[in-house]
file run30.txt (compact mmCIF, C-alpha atoms)
# COMPACT_ATOMS: atom_id res chain seq x y z
CA MET X 19 4.34 9.81 16.86
CA ASN X 20 1.75 12.39 15.76
CA GLY X 21 3.92 13.51 12.86
CA ALA X 22 4.09 17.14 13.95
CA ASP X 23 7.72 17.31 12.82
CA PHE X 24 6.81 16.45 9.21
CA THR X 25 5.59 19.21 6.90
CA LEU X 26 2.25 18.39 5.31
CA HIS X 27 1.97 19.45 1.66
CA ARG X 28 -1.17 19.66 -0.44
CA ALA X 29 -1.82 19.73 -4.16
CA THR X 30 -4.91 19.49 -6.33
CA ILE X 31 -4.24 16.36 -8.37
CA ARG X 32 -6.73 15.49 -11.11
CA GLY X 33 -9.41 17.38 -9.18
CA VAL X 34 -8.65 15.73 -5.82
CA ASP X 35 -7.00 17.40 -2.82
CA ILE X 36 -4.01 15.14 -2.19
CA ALA X 37 -2.03 15.46 1.04
CA TYR X 38 1.56 14.23 1.07
CA LEU X 39 4.89 14.36 2.84
CA ARG X 40 8.06 15.35 1.00
CA GLU X 41 11.31 14.99 2.90
CA GLY X 42 14.87 15.14 1.54
CA ALA X 43 14.16 17.27 -1.53
CA GLY X 44 16.97 16.91 -4.06
CA GLY X 45 17.55 13.21 -3.41
CA PHE X 46 16.44 10.43 -5.74
CA PRO X 47 12.62 10.34 -5.67
CA LEU X 48 11.13 7.46 -3.67
CA VAL X 49 7.36 7.06 -3.43
CA LEU X 50 6.01 5.15 -0.41
CA LEU X 51 2.39 4.13 -0.89
CA HIS X 52 0.14 2.82 1.88
CA GLY X 53 -2.50 0.11 1.71
CA TRP X 54 -5.66 -0.60 3.71
CA PRO X 55 -6.32 -0.06 6.59
CA GLU X 56 -3.43 2.38 6.47
CA THR X 57 -2.60 5.97 5.70
CA LYS X 58 0.73 7.70 5.20
CA ARG X 59 1.19 7.23 8.96
CA ILE X 60 2.26 3.61 8.40
CA TRP X 61 5.52 5.01 6.96
CA TRP X 62 6.40 7.16 10.01
CA ARG X 63 9.39 4.94 10.86
CA ASN X 64 10.76 5.07 7.32
CA VAL X 65 10.50 8.68 6.17
CA ARG X 66 13.38 10.32 8.02
CA PRO X 67 15.92 7.44 7.75
CA LEU X 68 15.29 7.15 4.01
CA ALA X 69 15.63 10.91 3.52
CA GLU X 70 18.90 10.80 5.45
CA ALA X 71 20.05 7.96 3.17
CA GLY X 72 19.70 10.26 0.15
CA PHE X 73 16.16 9.72 -1.11
CA GLU X 74 13.59 12.41 -1.70
CA VAL X 75 10.80 10.63 0.16
CA ILE X 76 7.28 11.28 -1.13
CA VAL X 77 4.43 9.80 0.92
CA PRO X 78 0.88 10.57 -0.21
CA ASP X 79 -2.46 9.72 1.29
CA MET X 80 -4.46 8.17 -1.54
CA ARG X 81 -7.75 9.77 -2.50
CA GLY X 82 -10.25 9.38 0.32
CA PHE X 83 -7.63 8.35 2.89
CA GLY X 84 -6.11 10.25 5.79
CA ASP X 85 -5.66 13.95 5.09
CA SER X 86 -6.53 13.71 1.40
CA GLY X 87 -9.89 14.73 0.03
CA LEU X 88 -12.69 12.66 -1.39
CA ALA X 89 -12.90 12.03 -5.13
CA GLU X 90 -15.66 14.05 -6.76
CA ASP X 91 -15.59 11.67 -9.74
CA GLY X 92 -16.43 8.81 -7.34
CA PHE X 93 -13.60 6.58 -8.53
CA TYR X 94 -11.65 4.62 -5.93
CA ASP X 95 -9.79 2.03 -7.96
CA VAL X 96 -6.26 1.05 -8.88
CA ALA X 97 -6.08 2.89 -12.21
CA ALA X 98 -7.41 6.15 -10.71
CA GLU X 99 -4.95 5.96 -7.82
CA SER X 100 -2.06 5.09 -10.14
CA ARG X 101 -2.83 8.13 -12.31
CA ASP X 102 -2.96 10.28 -9.17
CA VAL X 103 0.55 9.17 -8.20
CA GLU X 104 1.92 9.86 -11.69
CA ALA X 105 0.31 13.30 -11.76
CA LEU X 106 1.75 14.10 -8.33
CA VAL X 107 5.34 13.01 -8.93
CA ARG X 108 5.63 14.03 -12.59
CA GLY X 109 3.13 16.86 -12.99
CA GLU X 110 3.37 18.51 -9.57
CA LEU X 111 6.93 17.67 -8.47
CA GLY X 112 8.62 17.38 -11.87
CA HIS X 113 10.20 13.93 -11.52
CA GLU X 114 10.69 11.71 -14.57
CA ARG X 115 12.20 8.69 -12.75
CA ILE X 116 11.23 7.28 -9.39
CA VAL X 117 11.62 4.28 -7.09
CA THR X 118 8.45 2.92 -5.49
CA CYS X 119 7.72 0.84 -2.42
CA GLY X 120 4.49 -0.55 -1.02
CA GLY X 121 2.39 -3.44 0.19
CA ASP X 122 -1.31 -4.31 0.24
CA LEU X 123 -3.33 -1.90 -1.96
CA GLY X 124 -0.28 0.32 -2.35
CA GLY X 125 1.62 -2.60 -3.85
CA VAL X 126 -1.13 -3.15 -6.42
CA VAL X 127 -1.15 0.54 -7.37
CA LEU X 128 2.62 0.54 -7.75
CA GLN X 129 2.52 -2.49 -10.04
CA ASP X 130 -0.01 -0.69 -12.25
CA LEU X 131 2.05 2.51 -12.16
CA ALA X 132 5.15 0.80 -13.55
CA LEU X 133 3.22 -0.78 -16.43
CA ARG X 134 0.96 2.17 -17.22
CA PHE X 135 3.78 4.74 -17.43
CA PRO X 136 6.82 3.09 -19.05
CA GLY X 137 10.12 4.53 -17.89
CA LEU X 138 8.72 6.29 -14.82
CA VAL X 139 9.43 3.53 -12.27
CA VAL X 140 13.05 2.42 -12.49
CA ARG X 141 12.87 0.07 -9.46
CA GLN X 142 10.17 -1.11 -7.11
CA VAL X 143 10.00 -2.85 -3.74
CA MET X 144 6.98 -5.07 -3.04
CA PHE X 145 5.85 -6.90 0.07
CA ASN X 146 2.65 -8.64 1.20
CA THR X 147 0.44 -7.43 -1.59
CA VAL X 148 -1.94 -8.91 -4.15
CA LEU X 149 -0.13 -10.24 -7.18
CA PRO X 150 -1.32 -10.04 -10.79
CA LEU X 151 -3.81 -12.53 -12.17
CA LEU X 152 -1.57 -14.99 -14.02
CA GLY X 153 -3.49 -18.23 -13.54
CA ASP X 154 -1.91 -20.33 -16.28
CA ALA X 155 1.60 -19.07 -15.57
CA TYR X 156 1.25 -19.83 -11.86
CA ALA X 157 -0.09 -23.29 -12.62
CA GLU X 158 2.80 -24.02 -14.99
CA ALA X 159 5.23 -23.00 -12.25
CA GLY X 160 3.53 -25.34 -9.78
CA VAL X 161 2.15 -22.53 -7.60
CA GLU X 162 -1.03 -23.47 -5.75
CA VAL X 163 -3.65 -20.85 -6.67
CA GLU X 164 -6.40 -21.93 -4.27
CA LEU X 165 -6.46 -20.12 -0.94
CA SER X 166 -5.85 -22.10 2.23
CA PRO X 167 -8.63 -22.44 4.83
CA VAL X 168 -6.73 -20.07 7.14
CA THR X 169 -6.51 -17.39 4.46
CA LEU X 170 -10.15 -17.84 3.52
CA MET X 171 -11.26 -17.44 7.13
CA ALA X 172 -9.08 -14.36 7.57
CA ALA X 173 -10.48 -12.85 4.36
CA ASP X 174 -14.06 -12.55 5.59
CA TYR X 175 -13.51 -8.80 5.94
CA PHE X 176 -12.67 -8.68 2.20
CA GLN X 177 -15.92 -10.36 1.23
CA ARG X 178 -17.96 -7.96 3.34
CA GLN X 179 -16.19 -4.83 2.16
CA ALA X 180 -16.34 -5.90 -1.46
CA ASN X 181 -19.92 -7.16 -1.58
CA ASP X 182 -21.80 -5.44 1.25
CA ALA X 183 -19.98 -2.15 1.76
CA ASP X 184 -23.03 0.06 2.27
CA ALA X 185 -24.48 -2.23 4.93
CA LEU X 186 -21.14 -2.49 6.72
CA ALA X 187 -20.71 1.28 6.74
CA ALA X 188 -24.27 1.71 8.00
CA GLU X 189 -23.61 -0.66 10.92
CA LEU X 190 -20.57 1.33 12.06
CA THR X 191 -22.51 4.37 13.21
CA THR X 192 -19.91 6.20 15.32
CA PRO X 193 -16.25 7.18 14.95
CA GLU X 194 -15.42 4.83 17.82
CA MET X 195 -17.07 1.87 16.08
CA ARG X 196 -15.25 2.56 12.83
CA ARG X 197 -11.91 2.89 14.60
CA ARG X 198 -12.53 -0.28 16.59
CA TYR X 199 -13.31 -2.17 13.37
CA VAL X 200 -10.05 -1.00 11.78
CA ALA X 201 -8.07 -1.63 14.98
CA GLN X 202 -8.83 -5.36 14.73
CA MET X 203 -6.53 -5.60 11.70
CA TYR X 204 -3.59 -4.37 13.79
CA GLY X 205 -4.36 -6.66 16.72
CA PRO X 206 -6.56 -9.75 17.16
CA ARG X 207 -6.88 -10.59 13.45
CA PHE X 208 -3.13 -11.29 13.38
CA TRP X 209 -2.23 -9.42 10.22
CA ALA X 210 0.91 -8.45 12.12
CA ALA X 211 3.30 -10.36 14.32
CA PRO X 212 1.86 -10.63 17.85
CA GLY X 213 2.73 -7.54 19.89
CA ALA X 214 4.01 -5.58 16.90
CA PHE X 215 1.73 -2.64 17.75
CA THR X 216 1.11 -1.14 21.16
CA PRO X 217 -2.45 -0.03 22.01
CA GLU X 218 -1.34 3.57 21.50
CA GLU X 219 0.09 2.76 18.07
CA ILE X 220 -3.08 0.95 17.03
CA GLU X 221 -5.11 3.98 18.07
CA PHE X 222 -2.78 6.20 16.05
CA HIS X 223 -3.25 4.18 12.86
CA ALA X 224 -7.00 3.68 13.28
CA GLU X 225 -7.77 7.32 14.10
CA PRO X 226 -8.17 8.64 10.51
CA PHE X 227 -10.82 6.00 9.77
CA GLY X 228 -13.20 7.45 12.35
CA ASP X 229 -14.48 9.83 9.68
CA ALA X 230 -17.53 8.24 8.05
CA ASP X 231 -16.89 9.51 4.52
CA ARG X 232 -13.26 8.46 4.53
CA PHE X 233 -14.03 5.06 5.96
CA ARG X 234 -16.61 4.51 3.21
CA ALA X 235 -14.19 5.73 0.53
CA SER X 236 -11.46 3.43 1.80
CA ILE X 237 -13.56 0.29 1.47
CA ALA X 238 -14.78 1.35 -1.98
CA ASN X 239 -11.44 0.03 -3.20
CA TYR X 240 -12.65 -3.46 -2.33
CA GLU X 241 -15.86 -2.97 -4.30
CA ALA X 242 -13.74 -1.91 -7.27
CA ALA X 243 -11.51 -4.97 -6.89
CA ALA X 244 -14.57 -7.22 -7.01
CA VAL X 245 -16.01 -5.19 -9.91
CA LYS X 246 -19.01 -4.28 -7.74
CA ARG X 247 -18.35 -0.62 -8.47
CA GLU X 248 -17.74 1.24 -11.71
CA LEU X 249 -14.06 1.44 -12.62
CA SER X 250 -12.35 4.49 -14.08
CA GLU X 251 -10.54 2.02 -16.36
CA LEU X 252 -9.17 -1.49 -16.10
CA PRO X 253 -6.04 -1.96 -14.00
CA ARG X 254 -2.82 -3.25 -15.52
CA PHE X 255 -3.01 -6.45 -13.53
CA MET X 256 -3.01 -9.39 -15.91
CA GLU X 257 0.60 -9.52 -17.05
CA PRO X 258 4.04 -10.12 -15.54
CA ASN X 259 5.84 -6.99 -14.39
CA PRO X 260 9.36 -6.62 -15.88
CA THR X 261 10.39 -3.70 -13.63
CA PRO X 262 13.48 -4.45 -11.51
CA THR X 263 11.86 -5.53 -8.24
CA LEU X 264 12.94 -6.36 -4.72
CA VAL X 265 10.42 -8.78 -3.22
CA LEU X 266 10.05 -9.16 0.56
CA TYR X 267 7.57 -11.26 2.53
CA GLY X 268 6.46 -11.00 6.13
CA PRO X 269 5.34 -14.52 7.11
CA GLU X 270 3.34 -13.45 10.21
CA ASP X 271 0.48 -12.42 7.91
CA HIS X 272 -2.85 -14.23 7.99
CA VAL X 273 -4.39 -12.55 4.93
CA ILE X 274 -1.71 -12.90 2.23
CA PRO X 275 -1.40 -16.51 0.96
CA ARG X 276 1.67 -18.50 1.92
CA THR X 277 2.27 -18.98 -1.80
CA PHE X 278 3.16 -15.28 -2.14
CA PRO X 279 6.93 -15.80 -2.47
CA ARG X 280 6.62 -18.50 -5.12
CA ALA X 281 3.98 -16.57 -7.04
CA ALA X 282 6.13 -13.43 -6.92
CA GLU X 283 8.89 -15.34 -8.72
CA VAL X 284 6.49 -15.68 -11.65
CA ALA X 285 5.02 -12.18 -11.46
CA PHE X 286 8.39 -10.35 -11.32
CA PRO X 287 10.86 -12.00 -13.71
CA ASN X 288 13.49 -9.28 -13.12
CA ARG X 289 13.77 -9.45 -9.36
CA MET X 290 15.86 -9.83 -6.23
CA GLY X 291 14.36 -12.29 -3.77
CA PRO X 292 11.79 -13.14 -2.64
CA PHE X 293 13.31 -12.79 0.81
CA VAL X 294 11.41 -13.85 3.93
CA VAL X 295 11.59 -11.30 6.74
CA PRO X 296 11.27 -12.99 10.17
CA GLY X 297 9.18 -11.14 12.72
CA ALA X 298 7.17 -9.24 10.12
CA GLY X 299 3.64 -9.61 8.87
CA HIS X 300 1.39 -7.46 6.73
CA PHE X 301 2.79 -4.16 8.01
CA LEU X 302 6.41 -4.95 7.26
CA GLN X 303 7.38 -1.27 6.89
CA TRP X 304 6.41 -0.68 10.55
CA GLU X 305 7.25 -4.07 12.05
CA ARG X 306 10.77 -4.29 10.57
CA ALA X 307 11.35 -0.66 9.64
CA GLU X 308 15.14 -0.70 9.95
CA LEU X 309 15.43 -3.76 7.73
CA LEU X 310 13.26 -2.24 5.02
CA ASN X 311 15.15 1.06 5.19
CA ASP X 312 18.46 -0.77 4.80
CA ALA X 313 17.08 -2.92 1.97
CA LEU X 314 15.98 0.14 -0.01
CA ARG X 315 19.37 1.78 0.49
CA HIS X 316 21.25 -1.31 -0.67
CA PHE X 317 18.86 -1.88 -3.60
CA CYS X 318 19.53 1.61 -5.00
CA PRO X 319 23.16 2.65 -4.25
CA ASP X 320 23.83 3.79 -7.83
CA LEU X 321 20.68 5.91 -7.91
CA LEU X 322 21.55 7.55 -4.60
CA ALA X 323 25.08 8.30 -5.84
CA ARG X 324 23.64 10.21 -8.80
CA ALA X 325 21.12 12.24 -6.81
call {"tool": "encode", "arguments": {"input": "run30.txt", "output": "structure tokens"}}
result
Amino acid sequence: MNGADFTLHRATIRGVDIAYLREGAGGFPLVLLHGWPETKRIWWRNVRPLAEAGFEVIVPDMRGFGDSGLAEDGFYDVAAESRDVEALVRGELGHERIVTCGGDLGGVVLQDLALRFPGLVVRQVMFNTVLPLLGDAYAEAGVEVELSPVTLMAADYFQRQANDADALAAELTTPEMRRRYVAQMYGPRFWAAPGAFTPEEIEFHAEPFGDADRFRASIANYEAAAVKRELSELPRFMEPNPTPTLVLYGPEDHVIPRTFPRAAEVAFPNRMGPFVVPGAGHFLQWERAELLNDALRHFCPDLLARA
């Protein structure tokens, strides 16, 4: 599980040292992008099967996460991360067309990527992420925009990380405290289906967040989302996304609103789904890895045939 059988690549992308996996070179490019509190490790169960299916699987750590470096420009926001991905896949690896897949923060970045760089993303797969701000359109479709009490209670971490990040980071004074804080999201906070992660797996995913600078950088994304931190530029997050999209939803998730499937119908007019995935929560790519791998393969058979 430590990933020793994957080759770690590095590239300087827009001044940031970006670490990434690249398996199945020569296949159709597929970018898998993690969220919070995740790193590229959350895709461990997907990389090899998807490469064997015919994809060139590209899995970066975003700036400030995992094995990637910190951003000297200080920007940890959706637009900066989207531009990093474009520079990696197009500038460094030479790809002009890609498929993308992600949830949580990664899902937001991938939505921006498709809109910011027309023609780059030919298909995308989204699950358990934040959807664009389309208040009137959601209301017209009868989608409840107010969060339920359960979601509001589960989102207390979001409020703290967005509005009190320095104080939170200062309270977590040791690597063990930072890892224990992150580990809650994989266990007792019920982001995932009960029992989806063993104690050893939780330790594996929490380990990179023991570093103080990377932990602080990771929660800076929440400050940016709440506009409590300077943005590199505004995200493309206030318009429907016309990219062909497969929408999945893990219902065992206490932090993504239950209205996600209905709202996704509005956000992605050119879509398959939404499809509910039993037994999955926030970390669908780990909890139901085989299902996601099969879904990607069946969503892109024509692209794989051309690779």
call {"tool": "closest_residue", "arguments": {"input": "run30.txt", "among": "X:Gly42, X:Gly213, X:Pro260, X:Gly92", "to": "Gln129 (chain X)", "atoms": "all atoms listed in the file"}}
result
X:Pro260
call {"tool": "residues_around", "arguments": {"input": "run30.txt", "residues": "Glu90 (chain X)", "least_positions_apart": "5", "cutoff": "10 Å", "atoms": "only C-alpha atoms", "output": "list in words"}}
result
Gly33, Val34 and Arg81 of chain X
call {"tool": "closest_residue", "arguments": {"input": "run30.txt", "among": "X:Glu283, X:Glu219, X:Glu99, X:Asp174", "to": "Arg207 (chain X)", "atoms": "only C-alpha atoms"}}
result
X:Asp174
call {"tool": "closest_residue", "arguments": {"input": "run30.txt", "among": "X:Phe73, X:Phe278, X:Tyr240, X:Phe233", "to": "Met144 (chain X)", "atoms": "all atoms listed in the file"}}
result
X:Phe278
call {"tool": "residues_around", "arguments": {"input": "run30.txt", "residues": "Leu149 (chain X)", "least_positions_apart": "3", "cutoff": "10 Å", "atoms": "all atoms listed in the file", "output": "list in words"}}
result
Asp122, Gly125, Val126, Gln129, Met144, Phe145, Asn146, Leu152, Phe255, Met256, Glu257, Pro258, Asn259, Ile274, Phe278, Ala281, Ala282, Val284, Ala285 and Phe286 of chain X
call {"tool": "write_last_selection", "arguments": {"input": "run30.txt", "atoms": "C-alpha atoms", "output": "CSV table (one decimal), in the coordinates of the input"}}
result
chain,number,residue,atom,x,y,z
X,122,ASP,CA,-1.3,-4.3,0.2
X,125,GLY,CA,1.6,-2.6,-3.8
X,126,VAL,CA,-1.1,-3.2,-6.4
X,129,GLN,CA,2.5,-2.5,-10.0
X,144,MET,CA,7.0,-5.1,-3.0
X,145,PHE,CA,5.8,-6.9,0.1
X,146,ASN,CA,2.6,-8.6,1.2
X,152,LEU,CA,-1.6,-15.0,-14.0
X,255,PHE,CA,-3.0,-6.4,-13.5
X,256,MET,CA,-3.0,-9.4,-15.9
X,257,GLU,CA,0.6,-9.5,-17.0
X,258,PRO,CA,4.0,-10.1,-15.5
X,259,ASN,CA,5.8,-7.0,-14.4
X,274,ILE,CA,-1.7,-12.9,2.2
X,278,PHE,CA,3.2,-15.3,-2.1
X,281,ALA,CA,4.0,-16.6,-7.0
X,282,ALA,CA,6.1,-13.4,-6.9
X,284,VAL,CA,6.5,-15.7,-11.6
X,285,ALA,CA,5.0,-12.2,-11.5
X,286,PHE,CA,8.4,-10.4,-11.3
call {"tool": "atom_distance", "arguments": {"input": "run30.txt", "atom1": "CA of Ala183 (chain X)", "atom2": "CA of Ala97 (chain X)"}}
result
20.3 Å
call {"tool": "closest_atom_pairs", "arguments": {"input": "run30.txt", "of": "region 33-144 of chain X", "to": "region 290-298 of chain X", "cutoff": "12 Å", "atoms": "all atoms listed in the file", "output": "tab-separated table"}}
result
residue	atom	partner	partner_atom	distance
X:Arg141	CA	X:Met290	CA	10.8
X:Gln142	CA	X:Met290	CA	10.4
X:Val143	CA	X:Met290	CA	9.4
X:Met144	CA	X:Pro292	CA	9.4
call {"tool": "write_last_selection", "arguments": {"input": "run30.txt", "atoms": "C-alpha atoms", "output": "compact mmCIF listing (two decimals), in the coordinates of the input"}}
result
# COMPACT_ATOMS: atom_id res chain seq x y z
CA ARG X 141 12.87 0.07 -9.46
CA GLN X 142 10.17 -1.11 -7.11
CA VAL X 143 10.00 -2.85 -3.74
CA MET X 144 6.98 -5.07 -3.04
call {"tool": "build_atoms", "arguments": {"input": "run30.txt", "residues": "region 74-85 of chain X", "atoms": "all heavy atoms", "output": "compact mmCIF listing (two decimals), in the frame of the given file"}}
result
# COMPACT_ATOMS: atom_id res chain seq x y z
N GLU X 74 14.67 11.45 -1.90
CA GLU X 74 13.59 12.41 -1.70
C GLU X 74 12.34 11.57 -1.47
O GLU X 74 11.84 10.91 -2.38
CB GLU X 74 13.39 13.31 -2.92
CG GLU X 74 12.20 14.25 -2.76
CD GLU X 74 12.04 15.21 -3.92
OE1 GLU X 74 13.06 15.77 -4.39
OE2 GLU X 74 10.90 15.40 -4.38
N VAL X 75 11.85 11.55 -0.25
CA VAL X 75 10.80 10.63 0.16
C VAL X 75 9.44 11.32 0.00
O VAL X 75 9.18 12.36 0.62
CB VAL X 75 11.01 10.17 1.61
CG1 VAL X 75 9.97 9.13 1.99
CG2 VAL X 75 12.42 9.61 1.78
N ILE X 76 8.60 10.73 -0.82
CA ILE X 76 7.28 11.28 -1.13
C ILE X 76 6.24 10.29 -0.65
O ILE X 76 6.22 9.13 -1.07
CB ILE X 76 7.13 11.51 -2.65
CG1 ILE X 76 8.24 12.45 -3.16
CG2 ILE X 76 5.75 12.05 -2.99
CD1 ILE X 76 8.48 12.36 -4.64
N VAL X 77 5.38 10.72 0.27
CA VAL X 77 4.43 9.80 0.92
C VAL X 77 3.03 10.40 0.86
O VAL X 77 2.66 11.22 1.71
CB VAL X 77 4.82 9.54 2.39
CG1 VAL X 77 4.05 8.35 2.93
CG2 VAL X 77 6.31 9.33 2.55
N PRO X 78 2.23 10.02 -0.12
CA PRO X 78 0.88 10.57 -0.21
C PRO X 78 -0.14 9.75 0.56
O PRO X 78 0.05 8.55 0.81
CB PRO X 78 0.58 10.49 -1.71
CG PRO X 78 1.36 9.29 -2.17
CD PRO X 78 2.59 9.21 -1.29
N ASP X 79 -1.22 10.42 0.95
CA ASP X 79 -2.46 9.72 1.29
C ASP X 79 -3.23 9.57 -0.02
O ASP X 79 -3.45 10.55 -0.74
CB ASP X 79 -3.31 10.54 2.27
CG ASP X 79 -2.91 10.35 3.71
OD1 ASP X 79 -2.50 9.23 4.07
OD2 ASP X 79 -3.03 11.32 4.49
N MET X 80 -3.65 8.36 -0.34
CA MET X 80 -4.46 8.17 -1.54
C MET X 80 -5.80 8.87 -1.39
O MET X 80 -6.24 9.18 -0.28
CB MET X 80 -4.64 6.68 -1.82
CG MET X 80 -3.39 6.02 -2.38
SD MET X 80 -3.69 4.38 -3.07
CE MET X 80 -3.76 3.41 -1.57
N ARG X 81 -6.44 9.11 -2.50
CA ARG X 81 -7.75 9.77 -2.50
C ARG X 81 -8.69 9.09 -1.51
O ARG X 81 -8.84 7.86 -1.50
CB ARG X 81 -8.34 9.77 -3.91
CG ARG X 81 -8.36 8.42 -4.60
CD ARG X 81 -9.10 8.41 -5.93
NE ARG X 81 -8.57 9.37 -6.90
CZ ARG X 81 -9.24 9.81 -7.96
NH1 ARG X 81 -10.48 9.37 -8.18
NH2 ARG X 81 -8.71 10.66 -8.80
N GLY X 82 -9.30 9.91 -0.65
CA GLY X 82 -10.25 9.38 0.32
C GLY X 82 -9.64 8.86 1.60
O GLY X 82 -10.36 8.49 2.53
N PHE X 83 -8.31 8.84 1.69
CA PHE X 83 -7.63 8.35 2.89
C PHE X 83 -6.98 9.50 3.65
O PHE X 83 -6.52 10.48 3.05
CB PHE X 83 -6.51 7.36 2.51
CG PHE X 83 -6.96 5.99 2.11
CD1 PHE X 83 -7.40 5.73 0.82
CD2 PHE X 83 -6.93 4.93 3.02
CE1 PHE X 83 -7.79 4.45 0.44
CE2 PHE X 83 -7.30 3.66 2.65
CZ PHE X 83 -7.75 3.41 1.36
N GLY X 84 -6.90 9.35 4.97
CA GLY X 84 -6.11 10.25 5.79
C GLY X 84 -6.47 11.71 5.62
O GLY X 84 -7.62 12.11 5.80
N ASP X 85 -5.47 12.51 5.25
CA ASP X 85 -5.66 13.95 5.09
C ASP X 85 -6.04 14.34 3.68
O ASP X 85 -6.22 15.54 3.40
CB ASP X 85 -4.37 14.68 5.49
CG ASP X 85 -4.07 14.57 6.98
OD1 ASP X 85 -4.99 14.83 7.78
OD2 ASP X 85 -2.93 14.20 7.33
